[in-house]
Amino acid sequence: MARPHNRDTVIPHQPGGSSPVYPLRPASSAVSGQPASGPAVDAVLRASARPGSVISTLELSQRSTRPPDHESENRALVALVEAMTAASSDRILETLVETARDLCRAHSAGLSLLEEDQKHFRWPAIAGQWAPHLGGGTPRDFGPCGTVLDCGVPLLFSHPERDFPYLASVTPCIDEGLLIPFDVNGQTVGTIWIVAHDRSRRFDAEDLRVLTNLAKFAAAAYQTRLSMSALMKANQELREATSALTNANVLTKKLNEEKRHLQDELLAEGASNDKRLRELDLLRANVARQATAKHFIAGSAGMQEVLELAACVAPLDTTVLVCGESGTGKEFIVRLIHDQSPRARGPFVSINCAALTETLLESELFGHVRGAFTGAVRDKAGLFEVAGDGTLFLDEIGEMAPTMQAKLLRALQEHEIRRVGAERTVKINARVVAATNRDLRAAAGAGTFREDLYFRLGAFVITMPPLRERRDDIPALAYEFVRRSAARVKRDVQTLSAEAMTVLMNYHWPGNVRELEHAIERAVIVARGTSIKVRELPPEVFQKPDDGDTEDNLDLQAQERAMIARALERFRGNRRQAADALKISPVTLWRKMKEYELVE
Ligand SMILES: Nc1ncnc2c1ncn2[C@@H]1O[C@H](COP(=O)(O)OP(=O)(O)OP(=O)(O)O)[C@@H](O)[C@H]1O
Ligand SMILES: [Mg+2]
């Protein structure tokens, strides 16, 4: 037989029966082990004119009663006390029904407890033939248990088919049952029942007494057990809360440690940032000092930026590419980078890639072994090896032949070279710095220079501004070159006239600083006094207005001076002819010549 846990499948609701809500009622004083009577019982028993299933326990007093068996009763009570310490509180209820069945020699005994919804009973303990019905979930009006709860007194019942037809249909059927209320903590929470499934057993007043005593004792034990469980649960919760608090404390401690650690790291990083900044400041100062010491003029914003970049990259091992028009000072910057790098004590080796044939360049850079080619009479180390831990300067890199470009790229990538004609490779450590006056990016784009080599070399690019874009450097450069040239050619030339300086300022200097240096040297050589005059500058400087420079063309005086100078040159200093050509009088020409310092 299936256990009727689910009333819908095993014990269906009584057909046509209502499911009234019964409030928990206070325990009745009538539960005393004496046959019950009273108005509530009478009302129930008189509710129907016909004979019903429920009978007053007064009936029991009319039956012959067996003598009490105190010994068995005591054993039962001891078993109940022992059950108090069991893990599950239901164990007490199981012991209760087992002992009830044994002591009353019933065929089945059980306990029905009202569910929280007050509409259903569950059967937490059943002993005997009805055991398969353990569990429950039966509606309150399914059997006489609900009636006992309504009356609050013990009841006897038989003939279930009269009021509880469904009970009668369940196997094994019930012939007689005795039910008493189960009171816990002053409230009736369920019913204890014993049943006889056939006429072989008839209950008597002694059964009512025993059952009542058992119920009282079990209720007390059950209540104690429930309180203990509640206490244990509260304890457990407290333990969990304490452990959660401990965990939280541990976590907070860890977080605090982590925070302190991060703060320390931040401080350290701040300190190292400060250190880096101080180092960079130092490098900047060193670069500026070296530039000044070597009389390298870099007052303009453009050149200040170049020095800044050089100071930043100098301490690193990064490959540097210095770009710029011819004569802008690329080599000076490359040298500066080497001098300010940790490799300053190592060699600075430079090679002009445009000056050598491809084969020669390969042998120069990578070296060769004896017999590698005609004339290779002995082993020779290449410049990569010669540079050692220093710097290798590849000037005019833009002119390098494509096959050499590929070999150079391999050397840069693998940090090793192979001497021409050699079997084995040699490790290299030199830092490579290259320079070019070509637009290498455009050349790489156009396919005339290897793009991969360009990206390899151009890890850090410094672009030198042409002189015409930093004219404010011209006066300082001019004075510096006057000083240098005068010392070199041993002439007492000390300065330039204001006019000569204006000419220098207005010229567009396609050859950049180198052209300016040469122009001044020539002027120092040809100068007739201590101050360089306009006429002593190279003709191309003072004669040609800067066609491409619209700003210069706006200088009317410069234009006029240039035209007069050109006319004088064309007519070999003949003022009359020059004046005619210029369509001015010879007197005006003379005045202007003096004004523009064109008088020899
Ligand atoms: N800012 C400067 N201050 C003083 N002298 C300078 C400056 N710039 C360049 N010079 C001088 O100009 C000349 C040319 O400079 P450098 O050889 O470094 O130029 P470059 O860009 O390498 O030229 P090229 O492309 O022709 O090789 C050198 O004599 C150098 O000393
Ligand atoms: Mg150069």
# chains A, B, ... in the order shown; residues from 1 in each chain; ligands from 1
$ residues_near_ligand --ligand "ligand 2" --cutoff "8 Å" --atoms "only C-alpha atoms and all ligand atoms" --output "PyMOL selection string"
chain A and resi 326-327+329-331+395-396+435-436
$ residues_near_ligand --ligand "ligand 1" --cutoff "8 Å" --atoms "only C-alpha atoms and all ligand atoms" --output "JSON, numbers by chain"
{"A": [294, 295, 296, 297, 298, 303, 324, 325, 326, 327, 328, 329, 330, 331, 332, 333, 395, 396, 435, 436, 437, 464, 473, 477, 480, 481, 512, 513, 514, 515, 517]}
$ closest_atom_pairs --of "stretch 152-222 of chain A" --to "stretch 226-240 of chain A" --cutoff "10 Å" --atoms "only C-alpha atoms" --output "JSON lines"
{"residue": "A:Ala220", "atom": "CA", "partner": "A:Leu226", "partner_atom": "CA", "distance": 9.8}
{"residue": "A:Ala221", "atom": "CA", "partner": "A:Leu226", "partner_atom": "CA", "distance": 8.6}
{"residue": "A:Tyr222", "atom": "CA", "partner": "A:Leu226", "partner_atom": "CA", "distance": 6.1}
$ write_last_selection --atoms "C-alpha atoms" --output "mmCIF file, in the first residue's frame"
data_model
loop_
_atom_site.group_PDB
_atom_site.id
_atom_site.type_symbol
_atom_site.label_atom_id
_atom_site.label_comp_id
_atom_site.auth_asym_id
_atom_site.auth_seq_id
_atom_site.Cartn_x
_atom_site.Cartn_y
_atom_site.Cartn_z
ATOM 1 C CA ALA A 220 6.469 17.824 28.186
ATOM 2 C CA ALA A 221 9.381 15.905 26.611
ATOM 3 C CA TYR A 222 8.474 17.150 23.155
#
$ atom_distance --atom1 "atom CA of A:Pro586" --atom2 "atom CA of A:Ala562"
17.0 Å
$ select_by_dssp --residues "stretch 113-347 of chain A" --states "alpha helix (DSSP H)" --output "PDB file with C-alpha atoms, in the first residue's frame"
ATOM      1  CA  CYS A 145      -9.027  13.991  14.721  1.00  0.00           C
ATOM      2  CA  GLY A 146     -10.562  17.330  13.753  1.00  0.00           C
ATOM      3  CA  THR A 147     -13.554  16.594  16.010  1.00  0.00           C
ATOM      4  CA  VAL A 148     -11.226  15.952  18.955  1.00  0.00           C
ATOM      5  CA  LEU A 149      -9.580  19.283  18.313  1.00  0.00           C
ATOM      6  CA  ASP A 150     -12.981  20.994  18.217  1.00  0.00           C
ATOM      7  CA  CYS A 151     -14.107  19.425  21.473  1.00  0.00           C
ATOM      8  CA  PRO A 160     -16.260   5.228  10.444  1.00  0.00           C
ATOM      9  CA  GLU A 161     -18.535   4.570   7.481  1.00  0.00           C
ATOM     10  CA  ARG A 162     -21.228   6.672   9.212  1.00  0.00           C
ATOM     11  CA  ASP A 163     -19.347  10.026   9.306  1.00  0.00           C
ATOM     12  CA  PRO A 165     -16.823   7.011   4.717  1.00  0.00           C
ATOM     13  CA  TYR A 166     -13.450   7.589   3.246  1.00  0.00           C
ATOM     14  CA  LEU A 167     -11.711   6.246   6.384  1.00  0.00           C
ATOM     15  CA  ALA A 168     -13.815   3.154   6.124  1.00  0.00           C
ATOM     16  CA  SER A 169     -12.637   2.575   2.578  1.00  0.00           C
ATOM     17  CA  ALA A 205     -10.932   3.160  30.951  1.00  0.00           C
ATOM     18  CA  GLU A 206      -7.403   1.951  31.743  1.00  0.00           C
ATOM     19  CA  ASP A 207      -6.405   2.602  28.110  1.00  0.00           C
ATOM     20  CA  LEU A 208      -7.735   6.127  28.404  1.00  0.00           C
ATOM     21  CA  ARG A 209      -5.734   6.727  31.588  1.00  0.00           C
ATOM     22  CA  VAL A 210      -2.524   5.266  30.186  1.00  0.00           C
ATOM     23  CA  LEU A 211      -2.879   7.184  26.940  1.00  0.00           C
ATOM     24  CA  THR A 212      -3.584  10.454  28.771  1.00  0.00           C
ATOM     25  CA  ASN A 213      -0.543  10.006  31.025  1.00  0.00           C
ATOM     26  CA  LEU A 214       1.657   9.126  28.097  1.00  0.00           C
ATOM     27  CA  ALA A 215       0.420  12.145  26.152  1.00  0.00           C
ATOM     28  CA  LYS A 216       1.148  14.505  29.031  1.00  0.00           C
ATOM     29  CA  PHE A 217       4.594  13.123  29.536  1.00  0.00           C
ATOM     30  CA  ALA A 218       5.382  13.079  25.830  1.00  0.00           C
ATOM     31  CA  ALA A 219       4.114  16.645  25.440  1.00  0.00           C
ATOM     32  CA  ALA A 220       6.469  17.824  28.186  1.00  0.00           C
ATOM     33  CA  ALA A 221       9.381  15.905  26.611  1.00  0.00           C
ATOM     34  CA  TYR A 222       8.474  17.150  23.155  1.00  0.00           C
ATOM     35  CA  GLN A 223       8.238  20.742  24.377  1.00  0.00           C
ATOM     36  CA  THR A 224      11.629  20.459  26.084  1.00  0.00           C
ATOM     37  CA  ARG A 225      13.081  18.952  22.927  1.00  0.00           C
ATOM     38  CA  LEU A 226      11.647  21.764  20.801  1.00  0.00           C
ATOM     39  CA  SER A 227      13.090  24.376  23.174  1.00  0.00           C
ATOM     40  CA  MET A 228      16.432  22.599  23.066  1.00  0.00           C
ATOM     41  CA  SER A 229      16.310  22.537  19.265  1.00  0.00           C
ATOM     42  CA  ALA A 230      15.466  26.239  19.192  1.00  0.00           C
ATOM     43  CA  LEU A 231      18.295  26.910  21.605  1.00  0.00           C
ATOM     44  CA  MET A 232      20.704  24.823  19.545  1.00  0.00           C
ATOM     45  CA  LYS A 233      19.591  26.585  16.370  1.00  0.00           C
ATOM     46  CA  ALA A 234      20.068  29.976  18.045  1.00  0.00           C
ATOM     47  CA  ASN A 235      23.468  28.783  19.224  1.00  0.00           C
ATOM     48  CA  GLN A 236      24.383  27.639  15.752  1.00  0.00           C
ATOM     49  CA  GLU A 237      23.257  30.975  14.307  1.00  0.00           C
ATOM     50  CA  LEU A 238      25.304  32.771  16.924  1.00  0.00           C
ATOM     51  CA  ARG A 239      28.315  30.630  16.069  1.00  0.00           C
ATOM     52  CA  GLU A 240      27.799  31.369  12.378  1.00  0.00           C
ATOM     53  CA  ALA A 241      27.417  35.084  13.078  1.00  0.00           C
ATOM     54  CA  THR A 242      30.563  35.014  15.221  1.00  0.00           C
ATOM     55  CA  SER A 243      32.477  33.168  12.538  1.00  0.00           C
ATOM     56  CA  ALA A 244      31.152  35.567   9.865  1.00  0.00           C
ATOM     57  CA  LEU A 245      32.305  38.442  12.062  1.00  0.00           C
ATOM     58  CA  THR A 246      35.696  36.808  12.515  1.00  0.00           C
ATOM     59  CA  ASN A 247      35.906  36.287   8.748  1.00  0.00           C
ATOM     60  CA  ALA A 248      34.905  39.898   8.183  1.00  0.00           C
ATOM     61  CA  ASN A 249      37.572  40.997  10.645  1.00  0.00           C
ATOM     62  CA  VAL A 250      40.177  38.859   8.905  1.00  0.00           C
ATOM     63  CA  LEU A 251      39.072  40.290   5.557  1.00  0.00           C
ATOM     64  CA  THR A 252      39.199  43.853   6.856  1.00  0.00           C
ATOM     65  CA  LYS A 253      42.660  43.170   8.229  1.00  0.00           C
ATOM     66  CA  LYS A 254      43.755  41.751   4.876  1.00  0.00           C
ATOM     67  CA  LEU A 255      42.246  44.698   3.007  1.00  0.00           C
ATOM     68  CA  ASN A 256      43.996  47.117   5.331  1.00  0.00           C
ATOM     69  CA  GLU A 257      47.282  45.315   4.745  1.00  0.00           C
ATOM     70  CA  GLU A 258      46.660  45.410   0.983  1.00  0.00           C
ATOM     71  CA  LYS A 259      45.848  49.130   1.229  1.00  0.00           C
ATOM     72  CA  ARG A 260      49.031  49.804   3.189  1.00  0.00           C
ATOM     73  CA  HIS A 261      50.971  47.765   0.646  1.00  0.00           C
ATOM     74  CA  LEU A 262      49.460  49.751  -2.241  1.00  0.00           C
ATOM     75  CA  GLN A 263      50.175  53.015  -0.464  1.00  0.00           C
ATOM     76  CA  ASP A 264      53.779  51.911   0.029  1.00  0.00           C
ATOM     77  CA  GLU A 265      53.971  50.955  -3.639  1.00  0.00           C
ATOM     78  CA  LEU A 266      52.487  54.272  -4.685  1.00  0.00           C
ATOM     79  CA  LEU A 267      54.939  56.107  -2.489  1.00  0.00           C
ATOM     80  CA  ALA A 268      57.784  54.042  -3.926  1.00  0.00           C
ATOM     81  CA  GLU A 269      56.530  54.672  -7.444  1.00  0.00           C
ATOM     82  CA  GLY A 270      56.184  58.368  -6.676  1.00  0.00           C
ATOM     83  CA  ALA A 271      59.729  58.305  -5.361  1.00  0.00           C
ATOM     84  CA  SER A 272      60.955  56.479  -8.462  1.00  0.00           C
ATOM     85  CA  ASN A 273      59.026  58.933 -10.652  1.00  0.00           C
ATOM     86  CA  ASP A 274      60.689  61.745  -8.769  1.00  0.00           C
ATOM     87  CA  LYS A 275      63.980  59.967  -9.291  1.00  0.00           C
ATOM     88  CA  ARG A 276      63.292  59.612 -13.011  1.00  0.00           C
ATOM     89  CA  LEU A 277      62.377  63.292 -13.235  1.00  0.00           C
ATOM     90  CA  ARG A 278      65.531  64.254 -11.363  1.00  0.00           C
ATOM     91  CA  GLU A 279      67.575  62.045 -13.684  1.00  0.00           C
ATOM     92  CA  LEU A 280      65.964  63.625 -16.722  1.00  0.00           C
ATOM     93  CA  ASP A 281      66.626  67.106 -15.330  1.00  0.00           C
ATOM     94  CA  LEU A 282      70.233  66.091 -14.847  1.00  0.00           C
ATOM     95  CA  LEU A 283      70.463  64.809 -18.403  1.00  0.00           C
ATOM     96  CA  ARG A 284      68.906  68.000 -19.743  1.00  0.00           C
ATOM     97  CA  ALA A 285      71.413  70.046 -17.796  1.00  0.00           C
ATOM     98  CA  ASN A 286      74.289  67.884 -19.071  1.00  0.00           C
ATOM     99  CA  VAL A 287      73.121  68.171 -22.656  1.00  0.00           C
ATOM    100  CA  ALA A 288      72.794  71.941 -22.353  1.00  0.00           C
ATOM    101  CA  ARG A 289      76.225  72.156 -20.721  1.00  0.00           C
ATOM    102  CA  GLN A 290      77.836  70.104 -23.482  1.00  0.00           C
ATOM    103  CA  ALA A 291      76.071  72.144 -26.178  1.00  0.00           C
ATOM    104  CA  THR A 292      77.306  75.361 -24.614  1.00  0.00           C
ATOM    105  CA  ALA A 293      80.797  73.984 -24.081  1.00  0.00           C
ATOM    106  CA  ALA A 301      62.303  76.791 -29.720  1.00  0.00           C
ATOM    107  CA  GLY A 302      62.889  74.218 -32.470  1.00  0.00           C
ATOM    108  CA  MET A 303      66.428  73.475 -31.327  1.00  0.00           C
ATOM    109  CA  GLN A 304      65.415  73.426 -27.654  1.00  0.00           C
ATOM    110  CA  GLU A 305      63.006  70.649 -28.551  1.00  0.00           C
ATOM    111  CA  VAL A 306      65.777  68.759 -30.338  1.00  0.00           C
ATOM    112  CA  LEU A 307      67.999  68.970 -27.258  1.00  0.00           C
ATOM    113  CA  GLU A 308      65.133  67.793 -25.051  1.00  0.00           C
ATOM    114  CA  LEU A 309      64.567  64.714 -27.246  1.00  0.00           C
ATOM    115  CA  ALA A 310      68.276  63.964 -27.313  1.00  0.00           C
ATOM    116  CA  ALA A 311      68.423  64.141 -23.502  1.00  0.00           C
ATOM    117  CA  CYS A 312      65.451  61.756 -23.200  1.00  0.00           C
ATOM    118  CA  VAL A 313      66.760  59.106 -25.561  1.00  0.00           C
ATOM    119  CA  LYS A 330      72.642  66.121 -37.406  1.00  0.00           C
ATOM    120  CA  GLU A 331      76.103  64.800 -36.693  1.00  0.00           C
ATOM    121  CA  PHE A 332      76.477  67.098 -33.728  1.00  0.00           C
ATOM    122  CA  ILE A 333      73.249  65.714 -32.199  1.00  0.00           C
ATOM    123  CA  VAL A 334      74.310  62.099 -32.806  1.00  0.00           C
ATOM    124  CA  ARG A 335      77.567  62.809 -31.012  1.00  0.00           C
ATOM    125  CA  LEU A 336      75.690  64.486 -28.197  1.00  0.00           C
ATOM    126  CA  ILE A 337      73.504  61.391 -27.752  1.00  0.00           C
ATOM    127  CA  HIS A 338      76.569  59.156 -27.554  1.00  0.00           C
ATOM    128  CA  ASP A 339      78.364  61.469 -25.117  1.00  0.00           C
TER     129      ASP A 339
END
$ select_by_dssp --residues "stretch 340-542 of chain A" --states "strand (DSSP E)" --output "number ranges by chain"
A: 348-352, 367-368, 380-381, 391-395, 416-417, 426-427, 431-436, 460-463, 495-496, 531-532
$ closest_residue --among "A:Leu496, A:Leu179, A:Leu58, A:Ile194" --to "A:Glu98" --atoms "only C-alpha atoms"
A:Ile194
$ atom_distance --atom1 "atom CA of A:Gly367" --atom2 "atom CA of A:Glu416"
12.4 Å
$ closest_residue --among "A:Val489, A:Cys104, A:Ile126, A:Val420" --to "A:Gly382" --atoms "only C-alpha atoms"
A:Val420
$ atom_distance --atom1 "atom CA of A:Cys173" --atom2 "atom CA of A:Arg101"
16.7 Å
